[in-house]
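**Student:** Before I ask anything, here is the structure I am working with.
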Amino acid sequence: MTVLTKLHLEPQTGDALVIAAGQMLRIIDPLGEQVSDLVSFARDDTSEWLSSGRTIDYANTIYLTTGHTLYSNRSRPMWTIVADTVGRHDFLLTPCSPDTFRIIYGLAGHHPSCFENLATALAPFGVAPDAIPTTLNVFMNVEIAPSGELSIRAPRSRGGDYLLLRAEMDMIVGVTACSAELSNNGTFKPIDFELLSSDGGAARASV
């Protein structure tokens with residue numbers, strides 16, 4: 001595979017890019033225990049978006065990994081997980097937002113959040129904040145008790161671990177280095193991305 005574009009996100013930041021069908025996106029945790037939120041929209045119609053509900057329904061599992069397909073709200077394949085060195089990600093919880101830190105953390109004042117970072121990065125593509133759905137929280141480790149209670153544990157990722165996704169349609173992709181203390185074992189670190197092509201074609205990336 002040929003690396004077309006590299007993207008480095010500093011802690012608690014986000015960005016967006018365009019990916020073509022057949023290209024691949026490698027999400028890398030360079031230091032370990034850092035979550036990355038990912039959301040995507042069909043390039044030609046942003047009312048089609050990556051759907052947690054459809055994906056979990058069709059996979060019949062909340063623990064998505066190598067071989068699973070990630071579906072849109074219209075039940076079309078958006079991504080295929082080609083490789084996964086961690087094996088535990090979350091697709092249940094929404095991106096952290098100002099309200100997350102007000103309601104769950106009890107914080108007053110501004111706190112960086114994935115929702116704000118995604119909204120800012122996706123705005124140039126015409127994606128409104130209210131259109132941002134539940135994100136695929138890459139490397140996030142959420143455990144479920146028999147009672148149904150959720151526990152956010154330290155990510156299982158170690159330095160250099162990655163998730164490799166193949167795009168099944170042309171998409172606009174929003175990505176973050178997560179800003180929530182609970183999700184990242186109390187620390188904030190960078191996230192790296194590689195846009196890859198198997199044929200060496202030109203990238204169609206916009207940052």
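A note on labels: chains of the structure tokens are A, B, ... as shown, every chain counts residues from 1, and ligands are counted from 1 in their shown order.
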Quick one: everything within 12 Å of range 73-81 of chain A, counting only C-alpha atoms, minus sequence neighbours fewer than 4 positions away in the same chain. Send it as a compact mmCIF listing (two decimals) with N, CA and C atoms, in the first residue's frame.
**Tutor:**
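Generated output (out-v3.txt):
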```txt
# COMPACT_ATOMS: atom_id res chain seq x y z
N ILE A 19 -12.17 10.89 1.75
CA ILE A 19 -11.59 9.62 1.36
C ILE A 19 -12.40 9.02 0.23
N ALA A 20 -11.73 8.39 -0.72
CA ALA A 20 -12.39 7.77 -1.86
C ALA A 20 -12.62 6.29 -1.62
N ALA A 21 -13.66 5.76 -2.22
CA ALA A 21 -13.94 4.33 -2.12
C ALA A 21 -12.71 3.53 -2.53
N GLY A 22 -12.37 2.53 -1.74
CA GLY A 22 -11.22 1.68 -2.01
C GLY A 22 -9.96 2.11 -1.29
N GLN A 23 -9.89 3.37 -0.87
CA GLN A 23 -8.76 3.81 -0.07
C GLN A 23 -8.92 3.31 1.36
N MET A 24 -7.84 3.37 2.12
CA MET A 24 -7.85 2.88 3.49
C MET A 24 -7.41 3.97 4.44
N LEU A 25 -7.93 3.88 5.65
CA LEU A 25 -7.56 4.82 6.71
C LEU A 25 -7.02 4.02 7.88
N ARG A 26 -5.77 4.31 8.23
CA ARG A 26 -5.16 3.68 9.40
C ARG A 26 -5.17 4.69 10.55
N ILE A 27 -5.80 4.31 11.65
CA ILE A 27 -5.87 5.14 12.85
C ILE A 27 -4.87 4.57 13.84
N LEU A 38 -14.45 8.80 15.52
CA LEU A 38 -14.54 8.85 14.06
C LEU A 38 -16.00 8.87 13.65
N VAL A 39 -16.31 9.74 12.69
CA VAL A 39 -17.64 9.79 12.10
C VAL A 39 -17.46 10.02 10.61
N SER A 40 -18.41 9.55 9.81
CA SER A 40 -18.28 9.75 8.37
C SER A 40 -19.65 9.98 7.73
N PHE A 41 -19.61 10.67 6.59
CA PHE A 41 -20.81 11.02 5.83
C PHE A 41 -20.55 10.72 4.36
N ALA A 42 -21.59 10.28 3.65
CA ALA A 42 -21.44 10.06 2.21
C ALA A 42 -21.03 11.36 1.54
N ARG A 43 -20.05 11.28 0.64
CA ARG A 43 -19.50 12.49 0.03
C ARG A 43 -20.55 13.25 -0.76
N ASP A 45 -23.89 13.10 -0.37
CA ASP A 45 -25.14 13.35 0.35
C ASP A 45 -24.89 13.18 1.84
N THR A 46 -24.67 14.29 2.54
CA THR A 46 -24.30 14.19 3.95
C THR A 46 -25.46 13.82 4.87
N SER A 47 -26.65 13.60 4.31
CA SER A 47 -27.73 13.05 5.13
C SER A 47 -27.60 11.54 5.29
N GLU A 48 -26.58 10.95 4.66
CA GLU A 48 -26.24 9.54 4.88
C GLU A 48 -24.98 9.51 5.73
N TRP A 49 -25.06 8.85 6.89
CA TRP A 49 -23.97 8.92 7.87
C TRP A 49 -23.74 7.55 8.50
N LEU A 50 -22.59 7.42 9.11
CA LEU A 50 -22.20 6.18 9.79
C LEU A 50 -23.15 5.92 10.96
N SER A 51 -23.76 4.73 10.98
CA SER A 51 -24.80 4.43 11.94
C SER A 51 -24.37 3.36 12.94
N SER A 52 -24.35 3.74 14.20
CA SER A 52 -24.08 2.77 15.26
C SER A 52 -25.16 1.71 15.30
N GLY A 53 -26.43 2.14 15.27
CA GLY A 53 -27.54 1.19 15.39
C GLY A 53 -27.57 0.16 14.29
N ARG A 54 -27.44 0.61 13.03
CA ARG A 54 -27.46 -0.33 11.90
C ARG A 54 -26.28 -1.29 11.98
N THR A 55 -25.10 -0.75 12.31
CA THR A 55 -23.90 -1.59 12.34
C THR A 55 -24.00 -2.66 13.42
N ILE A 56 -24.38 -2.27 14.62
CA ILE A 56 -24.48 -3.24 15.71
C ILE A 56 -25.57 -4.26 15.42
N ASP A 57 -26.67 -3.81 14.85
CA ASP A 57 -27.78 -4.71 14.50
C ASP A 57 -27.30 -5.80 13.55
N TYR A 58 -26.62 -5.41 12.48
CA TYR A 58 -26.23 -6.38 11.46
C TYR A 58 -25.05 -7.24 11.90
N ALA A 59 -24.16 -6.70 12.73
CA ALA A 59 -23.03 -7.49 13.22
C ALA A 59 -23.42 -8.41 14.38
N TYR A 63 -18.90 -5.39 19.96
CA TYR A 63 -17.43 -5.39 19.89
C TYR A 63 -17.01 -5.65 18.45
N LEU A 64 -16.84 -4.58 17.71
CA LEU A 64 -16.53 -4.66 16.28
C LEU A 64 -15.03 -4.78 16.09
N THR A 65 -14.62 -5.65 15.16
CA THR A 65 -13.20 -5.88 14.94
C THR A 65 -12.99 -6.39 13.52
N THR A 66 -11.84 -6.97 13.25
CA THR A 66 -11.46 -7.38 11.90
C THR A 66 -12.55 -8.21 11.22
N GLY A 67 -12.89 -7.80 10.00
CA GLY A 67 -13.89 -8.51 9.21
C GLY A 67 -15.28 -7.91 9.28
N HIS A 68 -15.55 -7.08 10.28
CA HIS A 68 -16.87 -6.47 10.39
C HIS A 68 -17.04 -5.32 9.39
N THR A 69 -18.29 -5.16 8.96
CA THR A 69 -18.67 -4.05 8.09
C THR A 69 -19.39 -2.99 8.93
N THR A 85 -5.35 -4.27 15.76
CA THR A 85 -4.37 -4.82 16.71
C THR A 85 -4.82 -4.71 18.16
N GLY A 87 -8.71 -4.76 19.18
CA GLY A 87 -9.87 -5.63 19.34
C GLY A 87 -10.94 -5.13 20.29
N HIS A 89 -13.23 -1.57 20.86
CA HIS A 89 -13.61 -0.21 20.52
C HIS A 89 -15.06 -0.02 20.96
N PRO A 133 -23.72 12.19 14.50
CA PRO A 133 -24.32 11.07 15.23
C PRO A 133 -23.36 10.48 16.25
N THR A 134 -23.74 9.36 16.83
CA THR A 134 -22.84 8.59 17.68
C THR A 134 -21.59 8.23 16.89
N LEU A 136 -17.84 6.28 16.16
CA LEU A 136 -17.06 5.08 16.45
C LEU A 136 -15.88 5.54 17.30
N VAL A 138 -12.76 4.78 18.58
CA VAL A 138 -11.67 3.84 18.34
C VAL A 138 -10.77 3.77 19.57
N TYR A 162 -3.10 -0.02 16.04
CA TYR A 162 -3.86 0.67 15.01
C TYR A 162 -5.13 -0.09 14.63
N LEU A 163 -6.02 0.65 13.99
CA LEU A 163 -7.22 0.11 13.35
C LEU A 163 -7.15 0.51 11.88
N LEU A 164 -7.28 -0.46 10.98
CA LEU A 164 -7.22 -0.20 9.54
C LEU A 164 -8.60 -0.41 8.93
N LEU A 165 -9.12 0.65 8.31
CA LEU A 165 -10.45 0.63 7.71
C LEU A 165 -10.36 0.83 6.20
N ARG A 166 -11.16 0.09 5.44
CA ARG A 166 -11.27 0.30 4.00
C ARG A 166 -12.58 1.03 3.70
N ALA A 167 -12.49 2.11 2.96
CA ALA A 167 -13.68 2.88 2.59
C ALA A 167 -14.46 2.16 1.50
N GLU A 168 -15.75 1.99 1.71
CA GLU A 168 -16.61 1.32 0.73
C GLU A 168 -17.41 2.32 -0.10
N MET A 169 -17.26 3.61 0.19
CA MET A 169 -17.87 4.66 -0.63
C MET A 169 -17.04 5.92 -0.44
N ASP A 170 -17.24 6.91 -1.30
CA ASP A 170 -16.59 8.20 -1.11
C ASP A 170 -17.20 8.88 0.11
N MET A 171 -16.34 9.39 1.02
CA MET A 171 -16.85 9.93 2.27
C MET A 171 -16.11 11.17 2.73
N ILE A 172 -16.81 11.94 3.56
CA ILE A 172 -16.22 12.98 4.40
C ILE A 172 -16.06 12.37 5.78
N VAL A 173 -14.87 12.49 6.35
CA VAL A 173 -14.56 11.81 7.61
C VAL A 173 -14.12 12.84 8.65
```
**Student:** For Val3 in chain A, work out the shell of residues within 9 Å, counting only C-alpha atoms and skipping chain neighbours fewer than 6 positions away, then give it as a list in words.
**Tutor:** Glu194, Leu195, Leu196, Ser197, Ser198 and Gly200 of chain A
**Student:** Pull the strand (DSSP E or B) assignments for range 3-207 of chain A out of DSSP run on the backbone, and list those residues as a compact mmCIF listing (two decimals) with N, CA and C atoms, in the first residue's frame.
**Tutor:**
```
# COMPACT_ATOMS: atom_id res chain seq x y z
N VAL A 3 1.23 5.24 1.07
CA VAL A 3 0.73 6.27 1.97
C VAL A 3 0.51 7.55 1.16
N LEU A 4 -0.74 8.00 1.11
CA LEU A 4 -1.10 9.19 0.35
C LEU A 4 -1.02 10.45 1.20
N THR A 5 -1.48 10.34 2.42
CA THR A 5 -1.54 11.50 3.31
C THR A 5 -1.32 11.04 4.74
N LYS A 6 -0.59 11.83 5.50
CA LYS A 6 -0.46 11.59 6.94
C LYS A 6 -1.07 12.77 7.68
N LEU A 7 -1.76 12.46 8.76
CA LEU A 7 -2.40 13.48 9.58
C LEU A 7 -2.06 13.22 11.04
N HIS A 8 -1.55 14.25 11.70
CA HIS A 8 -1.19 14.15 13.12
C HIS A 8 -2.11 15.08 13.91
N LEU A 9 -2.83 14.53 14.87
CA LEU A 9 -3.70 15.32 15.73
C LEU A 9 -3.05 15.50 17.09
N GLY A 14 -9.26 17.99 16.64
CA GLY A 14 -9.96 17.22 15.62
C GLY A 14 -9.68 17.78 14.24
N ASP A 15 -10.07 17.01 13.23
CA ASP A 15 -9.87 17.45 11.85
C ASP A 15 -10.81 16.65 10.96
N ALA A 16 -10.77 16.93 9.66
CA ALA A 16 -11.61 16.23 8.70
C ALA A 16 -10.85 16.00 7.42
N LEU A 17 -11.24 14.99 6.68
CA LEU A 17 -10.63 14.68 5.40
C LEU A 17 -11.64 14.01 4.50
N VAL A 18 -11.33 13.96 3.22
CA VAL A 18 -12.15 13.26 2.24
C VAL A 18 -11.43 11.99 1.83
N ILE A 19 -12.17 10.89 1.75
CA ILE A 19 -11.59 9.62 1.36
C ILE A 19 -12.40 9.02 0.23
N MET A 24 -7.84 3.37 2.12
CA MET A 24 -7.85 2.88 3.49
C MET A 24 -7.41 3.97 4.44
N LEU A 25 -7.93 3.88 5.65
CA LEU A 25 -7.56 4.82 6.71
C LEU A 25 -7.02 4.02 7.88
N ARG A 26 -5.77 4.31 8.23
CA ARG A 26 -5.16 3.68 9.40
C ARG A 26 -5.17 4.69 10.55
N ILE A 27 -5.80 4.31 11.65
CA ILE A 27 -5.87 5.14 12.85
C ILE A 27 -4.87 4.57 13.84
N ILE A 28 -3.89 5.37 14.22
CA ILE A 28 -2.75 4.88 15.01
C ILE A 28 -2.72 5.58 16.36
N ASP A 29 -2.55 4.81 17.41
CA ASP A 29 -2.34 5.34 18.75
C ASP A 29 -0.84 5.30 19.01
N GLY A 32 -0.23 5.09 23.14
CA GLY A 32 -1.03 4.15 23.92
C GLY A 32 -2.07 4.82 24.80
N SER A 36 -9.78 7.77 19.84
CA SER A 36 -10.04 8.63 18.69
C SER A 36 -11.49 8.44 18.24
N ASP A 37 -12.26 9.53 18.21
CA ASP A 37 -13.63 9.47 17.71
C ASP A 37 -13.63 9.62 16.20
N LEU A 38 -14.45 8.80 15.52
CA LEU A 38 -14.54 8.85 14.06
C LEU A 38 -16.00 8.87 13.65
N VAL A 39 -16.31 9.74 12.69
CA VAL A 39 -17.64 9.79 12.10
C VAL A 39 -17.46 10.02 10.61
N SER A 40 -18.41 9.55 9.81
CA SER A 40 -18.28 9.75 8.37
C SER A 40 -19.65 9.98 7.73
N PHE A 41 -19.61 10.67 6.59
CA PHE A 41 -20.81 11.02 5.83
C PHE A 41 -20.55 10.72 4.36
N ALA A 42 -21.59 10.28 3.65
CA ALA A 42 -21.44 10.06 2.21
C ALA A 42 -21.03 11.36 1.54
N ASP A 45 -23.89 13.10 -0.37
CA ASP A 45 -25.14 13.35 0.35
C ASP A 45 -24.89 13.18 1.84
N THR A 46 -24.67 14.29 2.54
CA THR A 46 -24.30 14.19 3.95
C THR A 46 -25.46 13.82 4.87
N SER A 47 -26.65 13.60 4.31
CA SER A 47 -27.73 13.05 5.13
C SER A 47 -27.60 11.54 5.29
N GLU A 48 -26.58 10.95 4.66
CA GLU A 48 -26.24 9.54 4.88
C GLU A 48 -24.98 9.51 5.73
N TRP A 49 -25.06 8.85 6.89
CA TRP A 49 -23.97 8.92 7.87
C TRP A 49 -23.74 7.55 8.50
N LEU A 50 -22.59 7.42 9.11
CA LEU A 50 -22.20 6.18 9.79
C LEU A 50 -23.15 5.92 10.96
N THR A 69 -18.29 -5.16 8.96
CA THR A 69 -18.67 -4.05 8.09
C THR A 69 -19.39 -2.99 8.93
N LEU A 70 -19.09 -1.73 8.67
CA LEU A 70 -19.74 -0.62 9.33
C LEU A 70 -20.71 0.02 8.34
N TYR A 71 -21.98 0.13 8.73
CA TYR A 71 -23.05 0.52 7.82
C TYR A 71 -23.52 1.95 8.04
N SER A 72 -24.13 2.51 7.00
CA SER A 72 -24.74 3.83 7.09
C SER A 72 -26.18 3.71 7.60
N PRO A 77 -22.91 -0.36 3.10
CA PRO A 77 -21.58 -0.44 3.70
C PRO A 77 -20.80 0.85 3.52
N MET A 78 -20.22 1.35 4.63
CA MET A 78 -19.36 2.52 4.57
C MET A 78 -17.89 2.14 4.76
N TRP A 79 -17.64 1.24 5.69
CA TRP A 79 -16.28 0.82 6.02
C TRP A 79 -16.24 -0.69 6.21
N THR A 80 -15.08 -1.27 5.95
CA THR A 80 -14.76 -2.64 6.37
C THR A 80 -13.52 -2.58 7.25
N ILE A 81 -13.56 -3.25 8.40
CA ILE A 81 -12.38 -3.31 9.26
C ILE A 81 -11.44 -4.37 8.68
N VAL A 82 -10.30 -3.92 8.18
CA VAL A 82 -9.34 -4.81 7.52
C VAL A 82 -8.36 -5.41 8.52
N ALA A 83 -7.95 -4.62 9.52
CA ALA A 83 -6.99 -5.09 10.52
C ALA A 83 -7.22 -4.33 11.82
N ASP A 84 -6.97 -5.00 12.93
CA ASP A 84 -7.24 -4.41 14.24
C ASP A 84 -6.28 -5.04 15.24
N ASP A 90 -15.51 1.22 21.03
CA ASP A 90 -16.87 1.50 21.47
C ASP A 90 -17.68 2.15 20.36
N LEU A 136 -17.84 6.28 16.16
CA LEU A 136 -17.06 5.08 16.45
C LEU A 136 -15.88 5.54 17.30
N ASN A 137 -15.86 5.12 18.54
CA ASN A 137 -14.84 5.56 19.48
C ASN A 137 -13.69 4.54 19.48
N VAL A 138 -12.76 4.78 18.58
CA VAL A 138 -11.67 3.84 18.34
C VAL A 138 -10.77 3.77 19.57
N ASN A 141 -12.55 1.63 25.63
CA ASN A 141 -12.80 0.36 26.29
C ASN A 141 -13.98 0.50 27.25
N VAL A 142 -15.15 0.07 26.81
CA VAL A 142 -16.36 0.14 27.61
C VAL A 142 -16.82 -1.28 27.95
N GLU A 143 -16.98 -1.54 29.23
CA GLU A 143 -17.43 -2.85 29.68
C GLU A 143 -18.87 -2.74 30.20
N ILE A 144 -19.61 -3.82 30.02
CA ILE A 144 -21.03 -3.85 30.39
C ILE A 144 -21.26 -4.89 31.46
N LEU A 150 -22.68 0.60 32.42
CA LEU A 150 -21.48 0.75 31.62
C LEU A 150 -20.32 1.24 32.47
N SER A 151 -19.13 0.70 32.23
CA SER A 151 -17.92 1.14 32.90
C SER A 151 -16.88 1.49 31.85
N ILE A 152 -16.34 2.69 31.95
CA ILE A 152 -15.29 3.12 31.02
C ILE A 152 -13.94 2.78 31.64
N ARG A 153 -13.22 1.89 30.99
CA ARG A 153 -11.92 1.44 31.46
C ARG A 153 -10.80 2.07 30.62
N ARG A 158 -1.77 0.03 23.03
CA ARG A 158 -0.40 0.38 23.41
C ARG A 158 0.25 1.12 22.26
N ASP A 161 -0.29 0.64 18.25
CA ASP A 161 -1.49 -0.11 17.87
C ASP A 161 -2.32 0.70 16.87
N TYR A 162 -3.10 -0.02 16.04
CA TYR A 162 -3.86 0.67 15.01
C TYR A 162 -5.13 -0.09 14.63
N LEU A 163 -6.02 0.65 13.99
CA LEU A 163 -7.22 0.11 13.35
C LEU A 163 -7.15 0.51 11.88
N LEU A 164 -7.28 -0.46 10.98
CA LEU A 164 -7.22 -0.20 9.54
C LEU A 164 -8.60 -0.41 8.93
N LEU A 165 -9.12 0.65 8.31
CA LEU A 165 -10.45 0.63 7.71
C LEU A 165 -10.36 0.83 6.20
N ARG A 166 -11.16 0.09 5.44
CA ARG A 166 -11.27 0.30 4.00
C ARG A 166 -12.58 1.03 3.70
N ALA A 167 -12.49 2.11 2.96
CA ALA A 167 -13.68 2.88 2.59
C ALA A 167 -14.46 2.16 1.50
N MET A 171 -16.34 9.39 1.02
CA MET A 171 -16.85 9.93 2.27
C MET A 171 -16.11 11.17 2.73
N ILE A 172 -16.81 11.94 3.56
CA ILE A 172 -16.22 12.98 4.40
C ILE A 172 -16.06 12.37 5.78
N VAL A 173 -14.87 12.49 6.35
CA VAL A 173 -14.56 11.81 7.61
C VAL A 173 -14.12 12.84 8.65
N GLY A 174 -14.73 12.79 9.82
CA GLY A 174 -14.29 13.60 10.95
C GLY A 174 -13.59 12.74 11.97
N VAL A 175 -12.47 13.23 12.52
CA VAL A 175 -11.67 12.44 13.45
C VAL A 175 -11.19 13.34 14.59
N THR A 176 -10.93 12.72 15.73
CA THR A 176 -10.43 13.48 16.89
C THR A 176 -9.35 12.69 17.63
N ILE A 191 -3.03 11.47 18.25
CA ILE A 191 -3.48 10.37 17.40
C ILE A 191 -2.94 10.64 16.00
N ASP A 192 -2.48 9.60 15.32
CA ASP A 192 -1.98 9.71 13.95
C ASP A 192 -2.90 8.96 12.99
N PHE A 193 -2.94 9.47 11.75
CA PHE A 193 -3.74 8.84 10.70
C PHE A 193 -2.90 8.72 9.44
N GLU A 194 -3.16 7.66 8.70
CA GLU A 194 -2.56 7.49 7.38
C GLU A 194 -3.67 7.18 6.38
N LEU A 195 -3.73 7.94 5.30
CA LEU A 195 -4.62 7.64 4.19
C LEU A 195 -3.82 6.82 3.19
N LEU A 196 -4.31 5.63 2.87
CA LEU A 196 -3.55 4.66 2.10
C LEU A 196 -4.29 4.27 0.83
N SER A 197 -3.51 3.94 -0.20
CA SER A 197 -4.06 3.43 -1.45
C SER A 197 -3.29 2.19 -1.86
```
**Student:** Write out as a list in words each polymer residue whose atoms come within 7 Å of Val35 in chain A, counting only C-alpha atoms; drop sequence neighbours fewer than 5 positions from it.
**Tutor:**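 Listing them by chain and then by number gives Asn137, Val138, Phe139, Met140, Ala177, Cys178, Ser183 and Asn184 of chain A.
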